[in-house]
>>> print(open('run.txt').read())   # compact mmCIF, C-alpha atoms
# COMPACT_ATOMS: atom_id res chain seq x y z
CA MET A 1 -50.19 3.54 19.15
CA LYS A 2 -47.35 2.02 21.15
CA TYR A 3 -46.01 0.31 18.02
CA VAL A 4 -46.29 3.48 15.98
CA LYS A 5 -44.13 5.31 18.53
CA ARG A 6 -41.54 2.56 18.43
CA ILE A 7 -41.47 2.59 14.64
CA ILE A 8 -41.03 6.37 14.61
CA ILE A 9 -38.18 6.16 17.14
CA LEU A 10 -36.53 3.40 15.12
CA ALA A 11 -36.90 5.40 11.92
CA ILE A 12 -35.32 8.46 13.55
CA LEU A 13 -32.45 6.36 14.92
CA LEU A 14 -31.96 4.82 11.48
CA VAL A 15 -31.78 8.24 9.84
CA ILE A 16 -29.28 9.43 12.48
CA TYR A 17 -27.25 6.27 11.89
CA ILE A 18 -27.17 6.85 8.12
CA TYR A 19 -26.02 10.46 8.56
CA VAL A 20 -23.36 9.54 11.14
CA ALA A 21 -22.12 6.70 8.93
CA PHE A 22 -21.92 9.04 5.94
CA VAL A 23 -19.84 11.58 7.83
CA THR A 24 -17.62 8.96 9.47
CA LEU A 25 -16.93 6.97 6.32
CA PHE A 26 -16.09 9.93 4.13
CA PRO A 27 -12.29 10.24 3.99
CA ASP A 28 -10.52 13.13 5.72
CA SER A 29 -8.42 13.76 2.66
CA ILE A 30 -8.81 13.20 -1.06
CA VAL A 31 -6.14 13.26 -3.73
CA LEU A 32 -7.25 14.06 -7.27
CA MET A 33 -5.36 14.18 -10.51
CA GLN A 34 -5.52 17.41 -12.44
CA GLY A 35 -8.70 17.46 -14.53
CA GLU A 36 -10.20 14.47 -12.73
CA LYS A 37 -13.87 14.48 -11.85
CA PHE A 38 -14.86 13.13 -8.48
CA SER A 39 -18.44 12.33 -7.63
CA VAL A 40 -19.58 12.63 -4.05
CA PHE A 41 -22.82 11.00 -3.04
CA SER A 42 -24.59 13.31 -0.65
CA LEU A 43 -27.61 13.15 1.60
CA TRP A 44 -30.57 15.51 1.84
CA GLY A 45 -29.65 18.63 3.77
CA ILE A 46 -25.91 18.08 3.53
CA GLN A 47 -24.13 20.66 1.44
CA LEU A 48 -20.66 20.65 0.09
CA LYS A 49 -18.63 23.78 -0.42
CA GLU A 50 -15.10 25.05 -0.57
CA THR A 51 -14.15 26.70 2.68
CA SER A 52 -10.56 27.83 2.70
CA ASN A 53 -7.28 27.66 0.90
CA ARG A 54 -4.25 26.18 2.45
CA SER A 55 -0.62 26.49 1.74
CA THR A 56 0.07 23.96 -0.95
CA GLY A 57 3.79 23.61 -0.88
CA LEU A 58 3.56 23.62 -4.66
CA GLU A 59 5.29 26.93 -5.26
CA LYS A 60 5.40 26.50 -8.97
CA TYR A 61 1.62 26.37 -9.04
CA PRO A 62 0.75 29.54 -7.09
CA LEU A 63 -2.68 29.71 -5.63
CA GLY A 64 -4.82 32.80 -5.71
CA ALA A 65 -6.46 34.03 -8.88
CA GLU A 66 -5.47 31.10 -10.98
CA ARG A 67 -5.87 28.74 -8.09
CA THR A 68 -7.51 25.40 -8.38
CA LYS A 69 -11.14 25.71 -9.15
CA VAL A 70 -13.01 23.10 -7.29
CA VAL A 71 -16.43 23.02 -8.80
CA GLY A 72 -19.03 21.92 -6.35
CA SER A 73 -21.92 21.75 -8.73
CA ILE A 74 -25.04 20.42 -7.14
CA PRO A 75 -27.44 19.30 -9.84
CA GLU A 76 -31.09 19.87 -9.00
CA GLY A 77 -32.86 16.79 -7.74
CA GLU A 78 -29.75 14.64 -7.63
CA ASN A 79 -27.77 13.42 -4.66
CA THR A 80 -24.40 13.61 -6.30
CA ASP A 81 -21.97 16.50 -6.12
CA THR A 82 -19.17 16.63 -8.62
CA LEU A 83 -15.74 17.99 -7.88
CA GLN A 84 -13.48 18.81 -10.73
CA ALA A 85 -9.93 19.90 -10.21
CA ASN A 86 -8.59 21.97 -13.04
CA THR A 87 -5.28 23.13 -11.64
CA THR A 88 -3.02 21.80 -8.97
CA GLY A 89 -3.02 22.78 -5.32
CA THR A 90 -4.56 21.97 -1.98
CA MET A 91 -7.72 23.30 -0.45
CA GLN A 92 -10.33 22.56 2.15
CA ILE A 93 -13.91 21.63 1.42
CA SER A 94 -16.55 21.15 4.05
CA PHE A 95 -19.83 19.41 4.51
CA SER A 96 -22.49 21.30 6.41
CA LEU A 97 -26.01 20.56 7.43
CA PHE A 98 -28.47 23.01 5.82
CA ASP A 99 -25.50 25.26 5.11
CA THR A 100 -25.29 26.27 8.77
CA ILE A 101 -24.01 23.44 10.96
CA PRO A 102 -20.50 22.37 9.96
CA ILE A 103 -20.09 18.61 9.89
CA LYS A 104 -16.77 17.69 8.40
CA GLU A 105 -13.75 19.30 6.78
CA VAL A 106 -12.00 17.46 4.00
CA SER A 107 -8.60 18.27 2.56
CA VAL A 108 -8.39 18.02 -1.23
CA SER A 109 -5.00 17.80 -2.93
CA VAL A 110 -4.77 18.09 -6.67
CA ILE A 111 -1.63 16.64 -8.18
CA PRO A 112 -0.40 17.47 -11.68
CA LYS A 113 -1.17 15.09 -14.49
CA THR A 114 2.28 13.71 -14.76
CA LYS A 115 4.04 11.33 -17.14
CA VAL A 116 5.78 8.17 -16.02
CA ILE A 117 8.19 5.69 -17.58
CA PRO A 118 6.79 2.17 -17.32
CA LEU A 119 9.32 -0.37 -16.03
CA ARG A 120 9.46 -4.07 -16.82
CA LYS A 121 12.30 -5.72 -14.95
CA CYS A 122 11.87 -8.20 -12.16
CA ASN A 123 13.64 -7.02 -9.04
CA ARG A 124 14.03 -8.06 -5.48
CA PHE A 125 12.72 -6.04 -2.57
CA LYS A 126 14.11 -6.16 0.86
CA THR A 127 12.14 -4.31 3.45
CA ILE A 128 13.13 -3.74 7.02
CA TYR A 129 10.24 -3.82 9.41
CA GLU A 130 9.78 -1.03 11.78
CA TRP A 131 10.50 -3.51 14.41
CA ARG A 132 7.77 -4.63 16.47
CA VAL A 133 6.87 -7.31 18.89
CA SER A 134 4.69 -9.93 17.31
CA SER A 135 2.33 -12.21 19.12
CA TRP A 136 2.93 -15.76 20.18
CA TYR A 137 -0.54 -16.53 18.96
CA ASP A 138 0.48 -15.61 15.40
CA ARG A 139 3.71 -17.49 15.75
CA ASN A 140 1.98 -20.62 17.01
CA ARG A 141 -0.71 -20.31 14.38
CA ARG A 142 1.99 -20.22 11.73
CA LYS A 143 3.60 -23.29 13.22
CA GLN A 144 0.33 -25.14 12.98
CA THR A 145 -0.25 -24.16 9.39
CA LEU A 146 3.27 -25.18 8.43
CA MET B 1 13.19 -18.40 18.04
CA THR B 2 12.85 -18.33 21.79
CA GLU B 3 11.78 -21.48 23.57
CA ILE B 4 11.11 -20.84 27.25
CA GLU B 5 9.31 -23.28 29.47
CA GLY B 6 6.61 -21.78 31.68
CA SER B 7 6.04 -18.06 32.06
CA LYS B 8 7.98 -15.67 29.87
CA PRO B 9 9.92 -12.70 31.30
CA TYR B 10 7.98 -10.14 29.25
CA GLU B 11 4.60 -11.31 30.51
CA ASN B 12 2.85 -8.90 32.87
CA THR B 13 5.27 -6.10 32.02
CA GLY B 14 2.77 -4.37 29.76
CA ILE B 15 4.68 -4.92 26.52
CA GLU B 16 2.31 -5.99 23.77
CA GLU B 17 2.15 -7.07 20.17
CA GLY B 18 2.89 -4.13 17.88
CA ASP B 19 5.14 -2.34 20.39
CA ARG B 20 8.57 -1.30 19.17
CA ILE B 21 11.62 -1.80 21.39
CA ILE B 22 13.96 1.16 21.05
CA SER B 23 16.60 0.53 23.69
CA ILE B 24 17.82 -1.92 26.31
CA ASN B 25 19.85 -0.53 29.22
CA GLU B 26 19.95 2.75 27.27
CA GLN B 27 21.66 1.04 24.33
CA GLU B 28 19.79 1.64 21.09
CA ILE B 29 18.25 -1.44 19.46
CA THR B 30 17.55 -1.35 15.75
CA ASN B 31 17.36 -4.98 14.69
CA THR B 32 16.90 -8.52 15.89
CA GLU B 33 20.62 -9.29 16.09
CA GLU B 34 21.23 -6.37 18.46
CA LEU B 35 18.31 -7.48 20.62
CA ILE B 36 19.61 -11.06 20.87
CA GLN B 37 23.16 -9.93 21.66
CA THR B 38 22.12 -7.38 24.27
CA VAL B 39 19.78 -9.75 26.05
CA ASN B 40 22.40 -12.51 26.01
CA ALA B 41 25.02 -10.14 27.37
CA SER B 42 22.85 -9.48 30.42
CA GLN B 43 23.69 -12.99 31.73
CA GLY B 44 20.35 -13.10 33.47
CA LYS B 45 20.63 -9.76 35.25
CA GLU B 46 17.73 -7.33 35.25
CA ILE B 47 17.56 -5.17 32.12
CA THR B 48 15.69 -1.96 31.43
CA VAL B 49 13.67 -2.05 28.22
CA LYS B 50 12.39 1.13 26.63
CA TYR B 51 9.65 0.68 24.04
CA VAL B 52 7.13 2.69 22.05
CA GLN B 53 3.49 1.72 21.99
CA GLU B 54 1.33 1.96 18.87
CA ASP B 55 0.01 5.36 20.03
CA ASN B 56 3.63 6.61 20.18
CA THR B 57 3.77 6.61 23.97
CA GLU B 58 7.16 5.65 25.34
CA GLN B 59 7.28 3.17 28.20
CA VAL B 60 10.09 1.78 30.32
CA VAL B 61 9.94 -1.63 31.99
CA THR B 62 12.40 -3.97 33.65
CA MET B 63 12.74 -7.68 32.91
CA ILE B 64 14.98 -10.53 33.98
CA PRO B 65 15.98 -12.68 31.00
CA THR B 66 15.56 -16.42 31.46
CA LYS B 67 18.23 -18.99 30.59
CA THR B 68 17.13 -21.59 28.03
CA LYS B 69 18.29 -25.17 27.55
CA ASP B 70 20.75 -23.86 24.97
CA ASN B 71 22.38 -21.64 27.64
CA GLU B 72 21.09 -18.50 25.98
CA TYR B 73 19.20 -15.73 27.69
CA LYS B 74 15.78 -14.83 26.30
CA LEU B 75 12.85 -12.53 27.03
CA GLY B 76 10.21 -14.76 25.50
CA LEU B 77 9.35 -12.22 22.82
CA TRP B 78 8.61 -13.18 19.24
CA VAL B 79 10.10 -10.51 17.04
CA ARG B 80 11.08 -10.10 13.44
CA ASP B 81 12.53 -7.35 11.35
CA ALA B 82 12.91 -8.09 7.66
CA ALA B 83 11.13 -9.45 4.64
CA ALA B 84 12.19 -9.98 1.08
CA GLY B 85 10.42 -10.87 -2.11
CA VAL B 86 10.42 -10.71 -5.86
CA GLY B 87 8.27 -8.34 -7.84
CA THR B 88 8.22 -6.13 -10.87
CA ALA B 89 9.02 -2.44 -10.70
CA THR B 90 6.05 -0.57 -12.18
CA PHE B 91 7.06 2.95 -13.10
CA TYR B 92 9.62 5.66 -12.63
CA GLU B 93 8.54 9.27 -12.37
CA PRO B 94 11.34 11.37 -13.89
CA GLU B 95 10.22 14.62 -12.27
CA SER B 96 10.46 13.38 -8.70
CA GLY B 97 12.94 10.53 -9.18
CA MET B 98 10.56 8.19 -7.37
CA PHE B 99 9.63 4.67 -8.33
CA ALA B 100 6.50 2.61 -7.72
CA SER B 101 6.28 -1.14 -7.69
CA LEU B 102 4.27 -4.25 -6.84
CA GLY B 103 0.81 -2.64 -6.94
CA HIS B 104 0.07 -4.13 -3.55
CA GLY B 105 1.74 -3.98 -0.18
CA ILE B 106 4.01 -6.39 1.63
CA ALA B 107 1.98 -8.12 4.30
CA ASP B 108 2.95 -9.88 7.49
CA ILE B 109 3.18 -13.59 6.73
CA ASP B 110 1.25 -14.46 9.88
CA THR B 111 -1.36 -11.78 10.33
CA GLY B 112 -1.87 -10.66 6.74
CA ASP B 113 -1.64 -7.02 7.86
CA LEU B 114 0.53 -4.53 5.99
CA ILE B 115 3.87 -4.29 7.70
CA THR B 116 5.17 -0.94 8.85
CA ILE B 117 8.62 -0.53 7.42
CA SER B 118 11.44 1.64 8.62
CA ASN B 119 13.38 1.31 5.40
CA GLY B 120 14.19 -1.09 2.62
CA GLU B 121 15.85 -1.39 -0.71
CA LEU B 122 15.18 -2.38 -4.27
CA VAL B 123 17.97 -4.45 -5.79
CA THR B 124 18.61 -5.97 -9.20
CA MET B 125 17.90 -9.64 -9.68
CA LYS B 126 18.96 -12.10 -12.33
CA LEU B 127 16.07 -14.19 -13.55
CA VAL B 128 16.92 -17.86 -13.07
CA SER B 129 13.81 -19.90 -13.79
CA ILE B 130 10.06 -19.78 -14.21
CA THR B 131 7.60 -22.25 -12.81
CA LYS B 132 4.53 -22.38 -14.99
CA GLY B 133 1.25 -21.80 -13.21
CA GLU B 134 -1.53 -24.39 -13.19
CA LYS B 135 -5.05 -24.44 -11.89
CA GLY B 136 -4.80 -24.43 -8.09
CA LYS B 137 -1.01 -23.96 -8.16
CA PRO B 138 0.27 -20.47 -9.05
CA GLY B 139 3.53 -20.26 -10.96
CA GLU B 140 6.57 -18.35 -9.84
CA ILE B 141 9.50 -16.31 -11.10
CA ARG B 142 12.77 -17.26 -9.40
CA GLY B 143 15.86 -15.15 -9.38
CA SER B 144 19.34 -14.84 -8.02
CA ILE B 145 20.73 -11.82 -6.19
CA ASP B 146 24.38 -12.78 -6.68
CA ASN B 147 26.26 -9.66 -7.79
CA SER B 148 23.11 -7.60 -7.33
CA SER B 149 23.17 -3.82 -7.24
CA THR B 150 21.05 -1.39 -5.31
CA ILE B 151 18.57 0.49 -7.48
CA GLY B 152 16.97 2.59 -4.79
CA ASP B 153 15.53 2.91 -1.31
CA VAL B 154 12.02 1.94 -0.27
CA TYR B 155 10.10 4.45 1.87
CA GLN B 156 6.45 3.46 1.76
CA ASN B 157 4.67 0.12 1.99
CA THR B 158 1.00 0.65 1.15
CA ALA B 159 -2.01 -1.26 -0.11
CA PHE B 160 -1.36 0.24 -3.56
CA GLY B 161 2.30 -0.64 -3.86
CA ILE B 162 5.68 0.10 -2.43
CA PHE B 163 7.36 3.38 -3.24
CA GLY B 164 10.82 4.78 -2.99
CA ARG B 165 13.53 6.89 -4.51
CA VAL B 166 15.75 5.69 -7.33
CA GLU B 167 19.44 6.07 -6.56
CA ASN B 168 20.84 4.50 -9.70
CA LYS B 169 18.43 4.56 -12.62
CA ASN B 170 20.85 2.78 -14.96
CA TYR B 171 19.90 -0.48 -13.26
CA LEU B 172 16.24 -0.01 -14.13
CA ASN B 173 16.95 -0.83 -17.79
CA MET B 174 14.15 1.49 -18.91
CA SER B 175 13.35 3.33 -22.08
CA ASN B 176 13.43 7.11 -22.12
CA ARG B 177 9.85 7.40 -23.21
CA ALA B 178 7.51 8.74 -20.57
CA ILE B 179 3.79 8.18 -21.10
CA GLU B 180 0.66 9.67 -19.56
CA VAL B 181 -1.16 8.07 -16.68
CA ALA B 182 -4.69 7.32 -17.88
CA SER B 183 -7.58 8.61 -15.86
CA ARG B 184 -10.22 6.03 -15.10
CA ASP B 185 -12.68 7.22 -17.71
CA GLU B 186 -10.00 6.69 -20.36
CA ILE B 187 -9.61 2.99 -19.54
CA GLU B 188 -11.63 0.72 -21.82
CA ILE B 189 -12.72 -2.88 -21.66
CA GLY B 190 -10.72 -4.74 -24.29
CA LYS B 191 -7.16 -5.22 -25.43
CA ALA B 192 -4.18 -3.93 -23.48
CA GLU B 193 -0.58 -5.00 -22.89
CA ILE B 194 1.55 -5.87 -19.90
CA LEU B 195 5.27 -5.25 -19.77
CA CYS B 196 7.27 -7.93 -18.04
CA GLU B 197 10.40 -10.02 -18.11
CA ILE B 198 10.03 -13.78 -18.47
CA GLU B 199 13.27 -14.32 -20.34
CA ALA B 200 16.44 -13.01 -18.71
CA GLY B 201 17.36 -9.67 -20.17
CA LYS B 202 14.46 -9.66 -22.64
CA PRO B 203 11.54 -7.79 -21.17
CA LYS B 204 8.71 -7.25 -23.65
CA ARG B 205 5.02 -6.48 -24.09
CA TYR B 206 2.39 -9.24 -23.93
CA GLU B 207 -1.25 -8.99 -24.88
CA ILE B 208 -3.96 -9.10 -22.25
CA GLU B 209 -7.62 -8.20 -22.06
CA ILE B 210 -9.21 -5.88 -19.52
CA GLN B 211 -12.47 -7.65 -18.70
CA LYS B 212 -14.00 -5.54 -15.95
CA ILE B 213 -13.32 -2.05 -14.62
CA TYR B 214 -14.39 -1.15 -11.09
CA THR B 215 -14.35 2.59 -11.70
CA GLY B 216 -15.55 3.71 -8.27
CA ASN B 217 -13.20 1.51 -6.28
CA ASN B 218 -10.78 3.55 -4.21
CA GLN B 219 -10.68 1.10 -1.33
CA ASP B 220 -8.45 -1.72 -2.52
CA ASN B 221 -6.11 -2.77 -5.32
CA LYS B 222 -8.61 -4.86 -7.26
CA SER B 223 -9.47 -2.12 -9.73
CA MET B 224 -9.66 -4.13 -12.93
CA GLN B 225 -10.11 -7.76 -13.84
CA ILE B 226 -7.61 -8.82 -16.48
CA LYS B 227 -7.01 -11.94 -18.56
CA VAL B 228 -3.79 -12.98 -20.26
CA THR B 229 -4.48 -13.71 -23.94
CA ASP B 230 -0.94 -13.70 -25.34
CA GLU B 231 -0.11 -17.20 -26.58
CA GLU B 232 3.61 -16.90 -25.90
CA LEU B 233 3.04 -15.76 -22.31
CA LEU B 234 0.45 -18.50 -21.74
CA GLU B 235 2.84 -21.08 -23.11
CA LYS B 236 5.72 -19.98 -20.88
CA THR B 237 3.98 -19.00 -17.65
CA GLY B 238 0.44 -20.29 -17.86
CA GLY B 239 -0.79 -16.74 -17.23
CA ILE B 240 -0.08 -14.51 -14.24
CA ILE B 241 2.58 -15.83 -11.88
CA GLN B 242 4.16 -14.73 -8.63
CA GLY B 243 6.82 -12.12 -9.28
CA MET B 244 4.71 -10.50 -11.99
CA SER B 245 3.06 -8.28 -9.38
CA GLY B 246 3.64 -4.70 -10.37
CA ALA B 247 4.01 -5.39 -14.11
CA PRO B 248 2.72 -2.22 -15.79
CA ILE B 249 -0.37 -2.33 -18.03
CA ILE B 250 -0.46 -0.12 -21.11
CA GLN B 251 -3.55 0.71 -23.15
CA ASN B 252 -3.70 3.21 -26.01
CA GLU B 253 -0.11 4.16 -25.11
CA LYS B 254 -1.16 5.29 -21.65
CA PHE B 255 -0.22 3.72 -18.34
CA VAL B 256 -3.43 2.32 -16.87
CA GLY B 257 -2.30 0.19 -13.93
CA ALA B 258 -0.29 -2.72 -12.58
CA VAL B 259 -0.89 -6.43 -12.06
CA THR B 260 -1.66 -7.29 -8.43
CA HIS B 261 -3.39 -10.66 -8.09
CA VAL B 262 -3.85 -13.99 -9.82
CA LEU B 263 -6.90 -16.19 -9.45
CA VAL B 264 -5.59 -19.48 -8.06
CA ASN B 265 -8.23 -21.50 -9.86
CA ASP B 266 -7.62 -19.74 -13.17
CA PRO B 267 -4.03 -18.45 -13.50
CA THR B 268 -4.85 -16.75 -16.80
CA THR B 269 -7.04 -14.28 -14.91
CA GLY B 270 -6.24 -11.81 -12.18
CA TYR B 271 -6.62 -8.28 -10.95
CA ALA B 272 -4.81 -5.01 -11.48
CA VAL B 273 -4.74 -1.71 -9.62
CA PHE B 274 -5.47 1.65 -11.29
CA GLY B 275 -2.38 3.66 -12.21
CA ASP B 276 -3.89 6.82 -10.76
CA LEU B 277 -4.28 5.16 -7.36
CA MET B 278 -0.57 4.32 -7.35
CA LEU B 279 0.39 7.81 -8.40
CA LYS B 280 -1.86 9.40 -5.77
CA GLN B 281 -0.51 7.14 -3.08
CA MET B 282 3.03 8.02 -4.07
CA SER B 283 2.25 11.73 -3.76
CA ARG B 284 0.89 11.39 -0.21
>>> encode(input="run.txt", output="structure tokens")
Amino acid sequence: MKYVKRIIILAILLVIYIYVAFVTLFPDSIVLMQGEKFSVFSLWGIQLKETSNRSTGLEKYPLGAERTKVVGSIPEGENTDTLQANTTGTMQISFSLFDTIPIKEVSVSVIPKTKVIPLRKCNRFKTIYEWRVSSWYDRNRRKQTL
Amino acid sequence: MTEIEGSKPYENTGIEEGDRIISINEQEITNTEELIQTVNASQGKEITVKYVQEDNTEQVVTMIPTKTKDNEYKLGLWVRDAAAGVGTATFYEPESGMFASLGHGIADIDTGDLITISNGELVTMKLVSITKGEKGKPGEIRGSIDNSSTIGDVYQNTAFGIFGRVENKNYLNMSNRAIEVASRDEIEIGKAEILCEIEAGKPKRYEIEIQKIYTGNNQDNKSMQIKVTDEELLEKTGGIIQGMSGAPIIQNEKFVGAVTHVLVNDPTTGYAVFGDLMLKQMSR
């Protein structure tokens, strides 16, 4: 009986750990390209939904009626939600436990599917550090390796 | 740098690795030269150092510089402020006027951590020579910056490349043809091309093969495994060499990514980062 109790406690702690890890590891912000599908692995009881719109700063892509449709389709019996961004903008989605307890808010930015000109020349980069104090340990370690 | 026998003036003042010195005796410090000159000018008198910690808290401490055997005054700090390297510019986005390059970040030579940059610049380089890569010994592109011109300013140093704004696009020697950035589900295992310059003034496309695609990887810049198959490129470089980082990869006339790594034991093989990751990082 004593062992059974311990196993139950361990199992509960393990489940809590998995849920905490899921929430902690999920990024606070996601950037998607227009039309891109993004699959989110979810756990039992955790639901994903769009919560609010935010100012996008993308005036040429006004939000509102034609605003980005973030599709949070939750297929029956599967643990994967799929987001698809059809138009550009920024919005908030949130994870909640049993649709009542909010867990985490995530900012989703959708950038336009843009075109780029590929380059091909070799160039030189000079970067100026944001000047910081380095450690003598690193310096000495470098000396040793050299 | 500084060689001080015994204890160093900065010890026990609270100043730590990663802190940024902003002024000494209320005189702004922006680079190593200014720091050296200001400390030397103190002639061993107490100085007031203002610095910012990594959590952006400002602190003020006092120190007495110590005279070294070379009759110079030092604080015992190990500091540095600049890095330079050769790489290939990846793409130019006409709408924003921004450029992306390298496909990976510039890391601290000692710690391996990405360096935080305050600014930087992208300048033209004349290709001088190429060292062919061999198993266990990566090759290298060497160049000269004599008579170089500034192409643009660097703003971001990230794990997915360095980004900045183009000031003079004539120096980029680019075509006018913009192409789409492929989404990950459009990338296929098989033939593709890299664009790079291994002969001065003659950049061209070379054939490669995309061998593996790590579709779900958003964490690092090893998004695809690639292999150089072009006989001319293999003959001249032995495969992927240093300086080729950032070379754009084209498949089905779409931009799919940029070269980032070479396998030391097999220079014909390396890794590339997804183009969409670079574009997303640039938009942040």
>>> residues_near_point(input="run.txt", point="(-24.5, 17.0, 10.7)", cutoff="10 Å", atoms="all atoms listed in the file", output="ChimeraX atom specification")
/A:16,19-20,22-23,45-47,95-98,100-104
>>> closest_residue(input="run.txt", among="B:Ile213, B:Ile226, B:Ile24, B:Ile29", to="chain A", atoms="all atoms listed in the file")
B:Ile29
>>> closest_residue(input="run.txt", among="A:Ile93, A:Val31, A:Val108, A:Ile12", to="chain B", atoms="all atoms listed in the file")
A:Val31
>>> interface_residues(input="run.txt", of="chain B", to="chain A", cutoff="6 Å", atoms="all atoms listed in the file", output="VMD selection string")
chain B and resid 17 to 20 78 to 79 81 to 93 110 116 to 125 174 178 to 180 195 to 197
>>> write_last_selection(input="run.txt", atoms="C-alpha atoms", output="PDB file, in the frame of the given file")
ATOM      1  CA  GLU B  17       2.150  -7.070  20.170  1.00  0.00           C
ATOM      2  CA  GLY B  18       2.890  -4.130  17.880  1.00  0.00           C
ATOM      3  CA  ASP B  19       5.140  -2.340  20.390  1.00  0.00           C
ATOM      4  CA  ARG B  20       8.570  -1.300  19.170  1.00  0.00           C
ATOM      5  CA  TRP B  78       8.610 -13.180  19.240  1.00  0.00           C
ATOM      6  CA  VAL B  79      10.100 -10.510  17.040  1.00  0.00           C
ATOM      7  CA  ASP B  81      12.530  -7.350  11.350  1.00  0.00           C
ATOM      8  CA  ALA B  82      12.910  -8.090   7.660  1.00  0.00           C
ATOM      9  CA  ALA B  83      11.130  -9.450   4.640  1.00  0.00           C
ATOM     10  CA  ALA B  84      12.190  -9.980   1.080  1.00  0.00           C
ATOM     11  CA  GLY B  85      10.420 -10.870  -2.110  1.00  0.00           C
ATOM     12  CA  VAL B  86      10.420 -10.710  -5.860  1.00  0.00           C
ATOM     13  CA  GLY B  87       8.270  -8.340  -7.840  1.00  0.00           C
ATOM     14  CA  THR B  88       8.220  -6.130 -10.870  1.00  0.00           C
ATOM     15  CA  ALA B  89       9.020  -2.440 -10.700  1.00  0.00           C
ATOM     16  CA  THR B  90       6.050  -0.570 -12.180  1.00  0.00           C
ATOM     17  CA  PHE B  91       7.060   2.950 -13.100  1.00  0.00           C
ATOM     18  CA  TYR B  92       9.620   5.660 -12.630  1.00  0.00           C
ATOM     19  CA  GLU B  93       8.540   9.270 -12.370  1.00  0.00           C
ATOM     20  CA  ASP B 110       1.250 -14.460   9.880  1.00  0.00           C
ATOM     21  CA  THR B 116       5.170  -0.940   8.850  1.00  0.00           C
ATOM     22  CA  ILE B 117       8.620  -0.530   7.420  1.00  0.00           C
ATOM     23  CA  SER B 118      11.440   1.640   8.620  1.00  0.00           C
ATOM     24  CA  ASN B 119      13.380   1.310   5.400  1.00  0.00           C
ATOM     25  CA  GLY B 120      14.190  -1.090   2.620  1.00  0.00           C
ATOM     26  CA  GLU B 121      15.850  -1.390  -0.710  1.00  0.00           C
ATOM     27  CA  LEU B 122      15.180  -2.380  -4.270  1.00  0.00           C
ATOM     28  CA  VAL B 123      17.970  -4.450  -5.790  1.00  0.00           C
ATOM     29  CA  THR B 124      18.610  -5.970  -9.200  1.00  0.00           C
ATOM     30  CA  MET B 125      17.900  -9.640  -9.680  1.00  0.00           C
ATOM     31  CA  MET B 174      14.150   1.490 -18.910  1.00  0.00           C
ATOM     32  CA  ALA B 178       7.510   8.740 -20.570  1.00  0.00           C
ATOM     33  CA  ILE B 179       3.790   8.180 -21.100  1.00  0.00           C
ATOM     34  CA  GLU B 180       0.660   9.670 -19.560  1.00  0.00           C
ATOM     35  CA  LEU B 195       5.270  -5.250 -19.770  1.00  0.00           C
ATOM     36  CA  CYS B 196       7.270  -7.930 -18.040  1.00  0.00           C
ATOM     37  CA  GLU B 197      10.400 -10.020 -18.110  1.00  0.00           C
TER      38      GLU B 197
END
>>> atom_distance(input="run.txt", atom1="CA of Tyr171 (chain B)", atom2="CA of Ile151 (chain B)")
6.0 Å
>>> closest_residue(input="run.txt", among="B:Ser96, B:Thr237, B:Asn217, B:Thr158", to="Lys137 (chain B)", atoms="only C-alpha atoms")
B:Thr237
>>> atom_distance(input="run.txt", atom1="CA of Arg142 (chain B)", atom2="CA of Asn170 (chain B)")
22.3 Å
>>> residues_around(input="run.txt", residues="Val256 (chain B)", least_positions_apart="5", cutoff="6 Å", atoms="only C-alpha atoms", output="NGL selection string")
:B and (182 or 249-250 or 274-275)
>>> atom_distance(input="run.txt", atom1="CA of Tyr206 (chain B)", atom2="CA of Val166 (chain B)")
26.0 Å
>>> residues_around(input="run.txt", residues="His104 (chain B)", least_positions_apart="3", cutoff="8 Å", atoms="only C-alpha atoms", output="number ranges by chain")
B: 158-162, 221, 245-246, 260
>>> closest_residue(input="run.txt", among="B:Glu16, B:Glu232, B:Glu72, B:Glu11", to="Thr38 (chain B)", atoms="all atoms listed in the file")
B:Glu72
>>> closest_residue(input="run.txt", among="A:Ser94, A:Ser42, A:Thr24, A:Thr88", to="Ser107 (chain A)", atoms="only C-alpha atoms")
A:Ser94
